[in-house]
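Undergrad: What follows is the file query_38.txt, containing compact mmCIF, C-alpha atoms and all ligand atoms:
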```
# COMPACT_ATOMS: atom_id res chain seq x y z
CA MET A 1 38.75 -7.14 31.21
CA ASN A 2 36.19 -6.18 33.83
CA PRO A 3 36.38 -2.35 34.22
CA GLN A 4 34.74 -2.52 37.62
CA LYS A 5 37.45 -4.89 38.88
CA GLU A 6 40.16 -2.63 37.43
CA VAL A 7 38.80 0.37 39.35
CA ARG A 8 38.61 -1.59 42.59
CA GLY A 9 42.22 -2.72 42.21
CA ASP A 10 43.32 0.88 41.69
CA MET A 11 41.36 1.97 44.76
CA GLU A 12 42.83 -0.72 46.96
CA LYS A 13 46.41 0.04 45.97
CA PRO A 14 46.42 3.65 44.76
CA ILE A 15 50.11 4.24 45.51
CA GLU A 16 51.19 1.17 43.53
CA HIS A 17 48.81 2.16 40.73
CA TYR A 18 50.17 5.73 40.69
CA TRP A 19 53.72 4.47 40.41
CA HIS A 20 52.77 1.81 37.87
CA LEU A 21 51.59 4.63 35.59
CA ARG A 22 54.68 6.76 36.29
CA LEU A 23 57.04 3.84 35.72
CA LYS A 24 55.47 3.21 32.33
CA VAL A 25 56.18 6.82 31.33
CA VAL A 26 59.80 6.57 32.53
CA LYS A 27 60.16 3.24 30.70
CA GLU A 28 59.13 4.88 27.43
CA ALA A 29 61.54 7.78 28.02
CA LEU A 30 64.42 5.40 28.75
CA GLU A 31 63.60 3.30 25.70
CA ALA A 32 63.66 6.42 23.55
CA ASN A 33 67.20 6.88 24.91
CA GLN A 34 68.23 3.40 23.76
CA PHE A 35 68.06 1.66 27.14
CA GLU A 36 66.32 -1.71 27.33
CA VAL A 37 63.75 -1.51 30.11
CA PHE A 38 61.85 -4.00 32.25
CA LEU A 39 59.07 -3.31 34.76
CA ALA A 40 58.85 -5.26 38.02
CA ASP A 41 56.19 -5.05 40.73
CA ASP A 42 58.66 -5.90 43.49
CA VAL A 43 62.18 -7.12 44.22
CA GLY A 44 61.15 -10.74 43.72
CA GLU A 45 60.00 -10.05 40.20
CA ALA A 46 63.13 -7.98 39.52
CA LYS A 47 65.29 -10.92 40.58
CA LYS A 48 63.36 -13.25 38.27
CA ILE A 49 63.74 -10.84 35.34
CA VAL A 50 67.50 -10.61 35.81
CA LYS A 51 67.97 -14.37 36.26
CA GLU A 52 65.57 -15.61 33.59
CA GLN A 53 65.34 -12.87 30.98
CA ILE A 54 68.57 -10.89 31.14
CA LEU A 55 71.40 -13.17 32.25
CA PRO A 56 70.78 -15.91 29.65
CA THR A 57 70.62 -13.43 26.75
CA THR A 58 73.93 -11.80 27.67
CA GLY A 59 75.92 -15.05 27.58
CA ALA A 60 77.99 -13.51 30.39
CA LYS A 61 80.91 -15.57 31.65
CA SER A 62 81.98 -13.03 34.28
CA VAL A 63 80.00 -10.74 36.56
CA SER A 64 80.61 -8.02 39.11
CA TRP A 65 78.69 -5.27 40.85
CA GLY A 66 78.89 -1.77 42.24
CA GLY A 67 77.58 -0.47 45.56
CA SER A 68 73.79 -0.74 45.53
CA MET A 69 71.36 -1.36 48.36
CA THR A 70 68.70 -2.13 45.76
CA PHE A 71 70.83 -4.93 44.31
CA LEU A 72 71.21 -6.42 47.80
CA ALA A 73 67.46 -6.11 48.42
CA THR A 74 66.67 -8.26 45.37
CA GLY A 75 68.67 -11.18 46.75
CA LEU A 76 70.60 -11.40 43.49
CA TYR A 77 73.89 -10.99 45.33
CA GLU A 78 73.52 -14.40 47.01
CA GLU A 79 71.88 -16.13 44.04
CA ILE A 80 74.34 -15.07 41.35
CA LYS A 81 77.28 -16.35 43.38
CA LYS A 82 75.72 -19.84 43.23
CA ILE A 83 75.47 -19.98 39.42
CA PRO A 84 77.91 -22.61 38.15
CA GLY A 85 80.45 -21.59 35.52
CA LEU A 86 80.11 -17.86 36.14
CA GLU A 87 83.25 -16.03 37.26
CA VAL A 88 82.24 -13.71 40.10
CA LEU A 89 84.35 -10.69 40.98
CA ASP A 90 82.82 -10.02 44.39
CA THR A 91 83.73 -6.48 45.37
CA PHE A 92 81.45 -6.74 48.43
CA ASP A 93 83.50 -9.52 50.03
CA ARG A 94 84.54 -8.11 53.43
CA SER A 95 87.02 -10.95 54.00
CA LYS A 96 89.30 -9.48 51.30
CA SER A 97 91.98 -6.91 52.08
CA GLY A 98 91.71 -3.31 50.90
CA GLN A 99 94.28 -3.96 48.17
CA GLU A 100 92.49 -7.11 47.02
CA ASN A 101 89.24 -5.17 46.76
CA THR A 102 90.94 -2.38 44.84
CA ASP A 103 92.29 -4.96 42.38
CA LEU A 104 88.84 -6.53 42.04
CA ARG A 105 87.26 -3.14 41.34
CA ARG A 106 89.81 -2.49 38.61
CA ARG A 107 89.21 -5.91 37.03
CA SER A 108 85.44 -5.46 37.29
CA LEU A 109 85.72 -2.63 34.77
CA LEU A 110 86.07 -5.34 32.10
CA VAL A 111 83.55 -8.00 33.15
CA ASP A 112 80.86 -9.28 30.80
CA LEU A 113 78.03 -8.19 33.10
CA PHE A 114 77.99 -5.41 35.69
CA ILE A 115 75.02 -4.99 38.04
CA THR A 116 74.29 -1.94 40.17
CA GLY A 117 71.75 0.77 40.99
CA THR A 118 71.48 4.43 40.11
CA ASN A 119 71.29 7.48 42.36
CA ALA A 120 68.53 9.01 40.25
CA VAL A 121 66.63 8.58 37.00
CA THR A 122 64.94 11.54 35.37
CA GLU A 123 61.47 11.44 33.84
CA GLY A 124 63.20 12.29 30.58
CA GLY A 125 65.15 9.04 30.77
CA MET A 126 68.64 9.91 32.03
CA LEU A 127 70.64 8.12 34.73
CA VAL A 128 72.48 10.36 37.19
CA ASN A 129 75.18 9.07 39.52
CA LEU A 130 77.71 10.34 42.02
CA ASP A 131 80.57 8.16 43.25
CA MET A 132 83.33 8.35 45.80
CA MET A 133 85.89 6.41 43.70
CA GLY A 134 84.18 6.29 40.32
CA ASN A 135 84.36 2.54 39.72
CA ARG A 136 80.57 2.16 39.67
CA ALA A 137 79.96 5.22 37.52
CA CYS A 138 82.73 4.24 35.09
CA SER A 139 81.45 0.67 34.72
CA ILE A 140 77.95 1.93 33.97
CA ASN A 141 79.27 4.01 31.11
CA TYR A 142 82.13 2.03 29.58
CA GLY A 143 83.92 -1.28 29.99
CA PRO A 144 81.54 -4.12 30.88
CA LYS A 145 79.78 -5.57 27.82
CA HIS A 146 76.41 -5.53 29.57
CA VAL A 147 75.07 -3.45 32.44
CA VAL A 148 71.96 -3.99 34.58
CA ILE A 149 70.62 -1.08 36.62
CA LEU A 150 68.08 -1.90 39.33
CA VAL A 151 65.93 1.11 40.19
CA GLY A 152 63.35 1.65 42.93
CA ARG A 153 60.51 4.09 42.17
CA ASN A 154 61.85 6.53 44.77
CA LYS A 155 64.79 7.31 42.45
CA ILE A 156 62.57 9.03 39.87
CA VAL A 157 62.94 12.81 39.63
CA SER A 158 61.71 15.37 37.14
CA GLU A 159 64.86 17.01 35.83
CA LEU A 160 68.64 16.88 36.01
CA ASP A 161 68.72 19.67 38.64
CA ASP A 162 66.31 17.68 40.83
CA ALA A 163 68.50 14.62 40.42
CA MET A 164 71.61 16.50 41.54
CA TYR A 165 69.79 18.12 44.45
CA ARG A 166 68.38 14.77 45.56
CA ILE A 167 71.77 13.12 45.41
CA LYS A 168 73.73 15.86 47.18
CA ASN A 169 71.15 16.57 49.87
CA TYR A 170 69.67 13.15 50.50
CA ALA A 171 71.53 10.16 49.05
CA ALA A 172 75.04 11.40 49.83
CA PRO A 173 74.43 12.52 53.44
CA VAL A 174 72.57 9.30 54.27
CA ASN A 175 75.33 7.26 52.62
CA ALA A 176 77.94 9.20 54.59
CA MET A 177 76.00 8.39 57.78
CA ARG A 178 75.68 4.72 56.79
CA LEU A 179 79.41 4.47 56.09
CA ASP A 180 80.41 6.35 59.26
CA LYS A 181 82.20 9.10 57.34
CA LYS A 182 83.58 12.16 59.12
CA THR A 183 81.86 14.71 56.92
CA PRO A 184 79.80 17.79 57.85
CA CYS A 185 76.63 16.41 56.21
CA VAL A 186 76.58 13.67 58.84
CA LYS A 187 75.98 16.37 61.46
CA THR A 188 73.70 18.73 59.52
CA SER A 189 71.98 16.46 56.94
CA TYR A 190 72.80 19.10 54.30
CA CYS A 191 75.62 18.97 51.79
CA GLU A 192 78.26 21.52 52.83
CA ASP A 193 80.39 20.90 49.70
CA CYS A 194 83.09 19.74 52.09
CA LYS A 195 86.83 19.41 51.64
CA SER A 196 86.93 16.48 54.03
CA PRO A 197 89.30 13.58 53.27
CA ASP A 198 86.22 11.40 53.85
CA ARG A 199 84.20 13.21 51.14
CA ILE A 200 82.17 10.65 49.22
CA CYS A 201 81.11 13.01 46.41
CA ASN A 202 83.84 12.99 43.78
CA VAL A 203 82.72 11.66 40.40
CA TRP A 204 79.49 12.67 38.63
CA THR A 205 78.15 10.90 35.57
CA ILE A 206 75.06 11.64 33.49
CA THR A 207 74.09 8.79 31.19
CA GLU A 208 71.89 10.41 28.61
CA LYS A 209 71.62 7.40 26.31
CA SER A 210 72.75 3.78 26.24
CA TYR A 211 75.46 3.28 23.68
CA PRO A 212 75.43 0.83 22.03
CA LYS A 213 71.65 0.53 22.08
CA GLY A 214 70.53 -1.95 24.76
CA ARG A 215 73.95 -2.26 26.42
CA ILE A 216 72.38 -0.86 29.59
CA ARG A 217 69.27 -2.66 30.79
CA VAL A 218 67.16 -0.91 33.41
CA VAL A 219 64.78 -2.76 35.73
CA LEU A 220 62.24 -0.30 37.17
CA ILE A 221 60.80 -1.66 40.40
CA ASN A 222 57.48 -0.50 41.91
CA GLN A 223 58.89 -0.25 45.43
CA ASP A 224 60.93 2.29 47.40
CA LEU A 225 64.45 0.91 47.46
CA GLY A 226 67.93 2.11 48.31
CA LEU A 227 69.00 5.70 48.66
S1 LIG B 1 80.32 16.93 49.49
FE1 LIG B 1 80.83 16.43 51.62
S2 LIG B 1 79.23 17.43 52.83
FE2 LIG B 1 78.48 17.31 50.72
S3 LIG B 1 77.26 15.43 50.71
FE3 LIG B 1 79.33 14.96 49.95
S4 LIG B 1 80.42 14.21 51.75
FE4 LIG B 1 78.61 15.31 52.48
```
Can you present the structure in this file as structure tokens?
TA:
Amino acid sequence: MNPQKEVRGDMEKPIEHYWHLRLKVVKEALEANQFEVFLADDVGEAKKIVKEQILPTTGAKSVSWGGSMTFLATGLYEEIKKIPGLEVLDTFDRSKSGQENTDLRRRSLLVDLFITGTNAVTEGGMLVNLDMMGNRACSINYGPKHVVILVGRNKIVSELDDAMYRIKNYAAPVNAMRLDKKTPCVKTSYCEDCKSPDRICNVWTITEKSYPKGRIRVVLINQDLGL
């Protein structure tokens, strides 16, 4: 390797280089917590990893997903639906009625492969999530045989407290705005720990380790993605 070339590359893309180093540290921390971890430079590479390295090894016959802007950004949502022989429980299908979607979410708790994002990942290697209904958080932790978590670099935080602060004071208010919820955070940008019927913050999960080992695969992506 030419050291001079290496330095020039770092200088040209210092932000990507910074995050490349950070992502490697988080990868090691997650691996120590029994997650299987992949590194991707961008959403295109993340999609390739899921399609070519993860999907075939799971032998999955059924797949579903939980709310994740990162998952949509990879393009996997469209591509997976085209795979022949794979049963797709599409909980994002707007043409379905509310009841049909509720049924799909319940059935998706038992699919072979569940794909989603995470609200935060700590540098110590924990996944932290907050759900309105809990279907995504539950599927991450129990039910589906295999889970894939797609994570943009912006989701990395130092500690559990930072994760919870980030989620309650950034991810949740922005999500409430995106979903047109009638909650106080939509007006103030701060979490007011509301009692609104529209409250989207109901179920917390902290995934400290993957059990069994490797059940949860994490793809760390060197881009800012999702909330
Ligand atoms: S608890 Fe209520 S105010 Fe706080 S972030 Fe959630 S929806 Fe917004």
Undergrad: Which residues come within 8 Å of Asp41 (chain A), counting all atoms listed in the file, excluding same-chain residues fewer than 4 positions away, as a VMD selection string?
TA: chain A and resid 45 to 46 221 to 223
Undergrad: How big is the axis-aligned box, and where does its centre sit, when it encloses all atoms of region 39-44 of chain A listed in the file and has 4 Å added on every side, reported in Å to one decimal as lines of an AutoDock Vina configuration file?
TA:
```
center_x = 59.2
center_y = -7.0
center_z = 39.5
size_x = 14.0
size_y = 15.4
size_z = 17.5
```
Undergrad: If you count all atoms listed in the file, which residues end up within 12 Å of ligand LIG 1 (chain B), as a ChimeraX atom specification?
TA: /A:130-132,164-204
Undergrad: Convert the current residue selection to file output with C-alpha atoms, as an mmCIF file, keeping the file's coordinate frame.
TA:
```
data_model
loop_
_atom_site.group_PDB
_atom_site.id
_atom_site.type_symbol
_atom_site.label_atom_id
_atom_site.label_comp_id
_atom_site.auth_asym_id
_atom_site.auth_seq_id
_atom_site.Cartn_x
_atom_site.Cartn_y
_atom_site.Cartn_z
ATOM 1 C CA LEU A 130 77.710 10.340 42.020
ATOM 2 C CA ASP A 131 80.570 8.160 43.250
ATOM 3 C CA MET A 132 83.330 8.350 45.800
ATOM 4 C CA MET A 164 71.610 16.500 41.540
ATOM 5 C CA TYR A 165 69.790 18.120 44.450
ATOM 6 C CA ARG A 166 68.380 14.770 45.560
ATOM 7 C CA ILE A 167 71.770 13.120 45.410
ATOM 8 C CA LYS A 168 73.730 15.860 47.180
ATOM 9 C CA ASN A 169 71.150 16.570 49.870
ATOM 10 C CA TYR A 170 69.670 13.150 50.500
ATOM 11 C CA ALA A 171 71.530 10.160 49.050
ATOM 12 C CA ALA A 172 75.040 11.400 49.830
ATOM 13 C CA PRO A 173 74.430 12.520 53.440
ATOM 14 C CA VAL A 174 72.570 9.300 54.270
ATOM 15 C CA ASN A 175 75.330 7.260 52.620
ATOM 16 C CA ALA A 176 77.940 9.200 54.590
ATOM 17 C CA MET A 177 76.000 8.390 57.780
ATOM 18 C CA ARG A 178 75.680 4.720 56.790
ATOM 19 C CA LEU A 179 79.410 4.470 56.090
ATOM 20 C CA ASP A 180 80.410 6.350 59.260
ATOM 21 C CA LYS A 181 82.200 9.100 57.340
ATOM 22 C CA LYS A 182 83.580 12.160 59.120
ATOM 23 C CA THR A 183 81.860 14.710 56.920
ATOM 24 C CA PRO A 184 79.800 17.790 57.850
ATOM 25 C CA CYS A 185 76.630 16.410 56.210
ATOM 26 C CA VAL A 186 76.580 13.670 58.840
ATOM 27 C CA LYS A 187 75.980 16.370 61.460
ATOM 28 C CA THR A 188 73.700 18.730 59.520
ATOM 29 C CA SER A 189 71.980 16.460 56.940
ATOM 30 C CA TYR A 190 72.800 19.100 54.300
ATOM 31 C CA CYS A 191 75.620 18.970 51.790
ATOM 32 C CA GLU A 192 78.260 21.520 52.830
ATOM 33 C CA ASP A 193 80.390 20.900 49.700
ATOM 34 C CA CYS A 194 83.090 19.740 52.090
ATOM 35 C CA LYS A 195 86.830 19.410 51.640
ATOM 36 C CA SER A 196 86.930 16.480 54.030
ATOM 37 C CA PRO A 197 89.300 13.580 53.270
ATOM 38 C CA ASP A 198 86.220 11.400 53.850
ATOM 39 C CA ARG A 199 84.200 13.210 51.140
ATOM 40 C CA ILE A 200 82.170 10.650 49.220
ATOM 41 C CA CYS A 201 81.110 13.010 46.410
ATOM 42 C CA ASN A 202 83.840 12.990 43.780
ATOM 43 C CA VAL A 203 82.720 11.660 40.400
ATOM 44 C CA TRP A 204 79.490 12.670 38.630
#
```
Undergrad: Residues near region 53-66 of chain A, anyone? I mean within 6 Å using all atoms listed in the file, not counting same-chain ones fewer than 3 positions away, as number ranges by chain.
TA: A: 49-50, 86-89, 108, 111-116, 136
Undergrad: At what distance in Å, to one decimal, does CA of Thr207 (chain A) lie from CA of Arg107 (chain A)?
TA: 21.9 Å
Undergrad: Taking (70.8, 6.3, 46.4) in the coordinates of the supplied file, I want to know which residues reach to within 6 Å of it, counting all atoms listed in the file; could you give the answer as a list in words?
TA: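 Taken together, the residues in range are Asn119, Ala171, Gly226 and Leu227 of chain A.
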Undergrad: Pick the closest to Val25 (chain A) from A:Ile156, A:Leu225, A:Cys138, A:Ile216: which is it, counting all atoms listed in the file?
TA: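 Distance minimum relative to Val25 (chain A) lands on A:Ile156.
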Undergrad: Mind writing region 15-38 of chain A to a file for me, with N, CA and C atoms, as a compact mmCIF listing (two decimals), in the first residue's frame?
TA:
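Result written to decode22.txt:
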```
# COMPACT_ATOMS: atom_id res chain seq x y z
N ILE A 15 -14.40 13.35 6.42
CA ILE A 15 -15.59 12.97 7.18
C ILE A 15 -15.83 11.46 7.03
N GLU A 16 -15.74 10.99 5.78
CA GLU A 16 -15.93 9.55 5.55
C GLU A 16 -14.85 8.76 6.28
N HIS A 17 -13.62 9.28 6.26
CA HIS A 17 -12.52 8.57 6.94
C HIS A 17 -12.76 8.53 8.45
N TYR A 18 -13.18 9.67 9.00
CA TYR A 18 -13.49 9.73 10.43
C TYR A 18 -14.53 8.66 10.79
N TRP A 19 -15.61 8.63 10.01
CA TRP A 19 -16.66 7.68 10.33
C TRP A 19 -16.26 6.24 10.04
N HIS A 20 -15.41 6.05 9.05
CA HIS A 20 -14.90 4.70 8.77
C HIS A 20 -14.20 4.15 10.02
N LEU A 21 -13.39 5.01 10.65
CA LEU A 21 -12.68 4.58 11.86
C LEU A 21 -13.66 4.33 13.00
N ARG A 22 -14.62 5.24 13.17
CA ARG A 22 -15.62 5.07 14.24
C ARG A 22 -16.47 3.81 14.04
N LEU A 23 -16.86 3.59 12.79
CA LEU A 23 -17.70 2.42 12.50
C LEU A 23 -16.96 1.13 12.81
N LYS A 24 -15.65 1.13 12.59
CA LYS A 24 -14.88 -0.08 12.90
C LYS A 24 -14.89 -0.37 14.40
N VAL A 25 -14.83 0.71 15.19
CA VAL A 25 -14.86 0.55 16.66
C VAL A 25 -16.23 0.01 17.09
N VAL A 26 -17.29 0.59 16.52
CA VAL A 26 -18.65 0.14 16.87
C VAL A 26 -18.86 -1.31 16.41
N LYS A 27 -18.31 -1.65 15.26
CA LYS A 27 -18.41 -3.03 14.76
C LYS A 27 -17.82 -4.00 15.79
N GLU A 28 -16.63 -3.67 16.27
CA GLU A 28 -15.99 -4.55 17.25
C GLU A 28 -16.81 -4.66 18.53
N ALA A 29 -17.39 -3.54 18.96
CA ALA A 29 -18.22 -3.56 20.18
C ALA A 29 -19.47 -4.42 19.98
N LEU A 30 -20.09 -4.27 18.82
CA LEU A 30 -21.28 -5.09 18.53
C LEU A 30 -20.92 -6.57 18.44
N GLU A 31 -19.80 -6.86 17.81
CA GLU A 31 -19.38 -8.26 17.69
C GLU A 31 -19.11 -8.87 19.06
N ALA A 32 -18.55 -8.07 19.94
CA ALA A 32 -18.32 -8.57 21.31
C ALA A 32 -19.64 -8.87 22.00
N ASN A 33 -20.72 -8.24 21.52
CA ASN A 33 -22.06 -8.48 22.07
C ASN A 33 -22.85 -9.49 21.23
N GLN A 34 -22.14 -10.27 20.45
CA GLN A 34 -22.73 -11.41 19.72
C GLN A 34 -23.56 -11.05 18.49
N PHE A 35 -23.50 -9.79 18.06
CA PHE A 35 -24.13 -9.42 16.79
C PHE A 35 -23.17 -9.79 15.66
N GLU A 36 -23.73 -10.12 14.48
CA GLU A 36 -22.87 -10.23 13.30
C GLU A 36 -22.91 -8.88 12.60
N VAL A 37 -21.76 -8.38 12.20
CA VAL A 37 -21.71 -6.99 11.72
C VAL A 37 -21.04 -6.88 10.35
N PHE A 38 -21.60 -6.03 9.53
CA PHE A 38 -21.07 -5.75 8.20
C PHE A 38 -20.87 -4.24 8.09
```
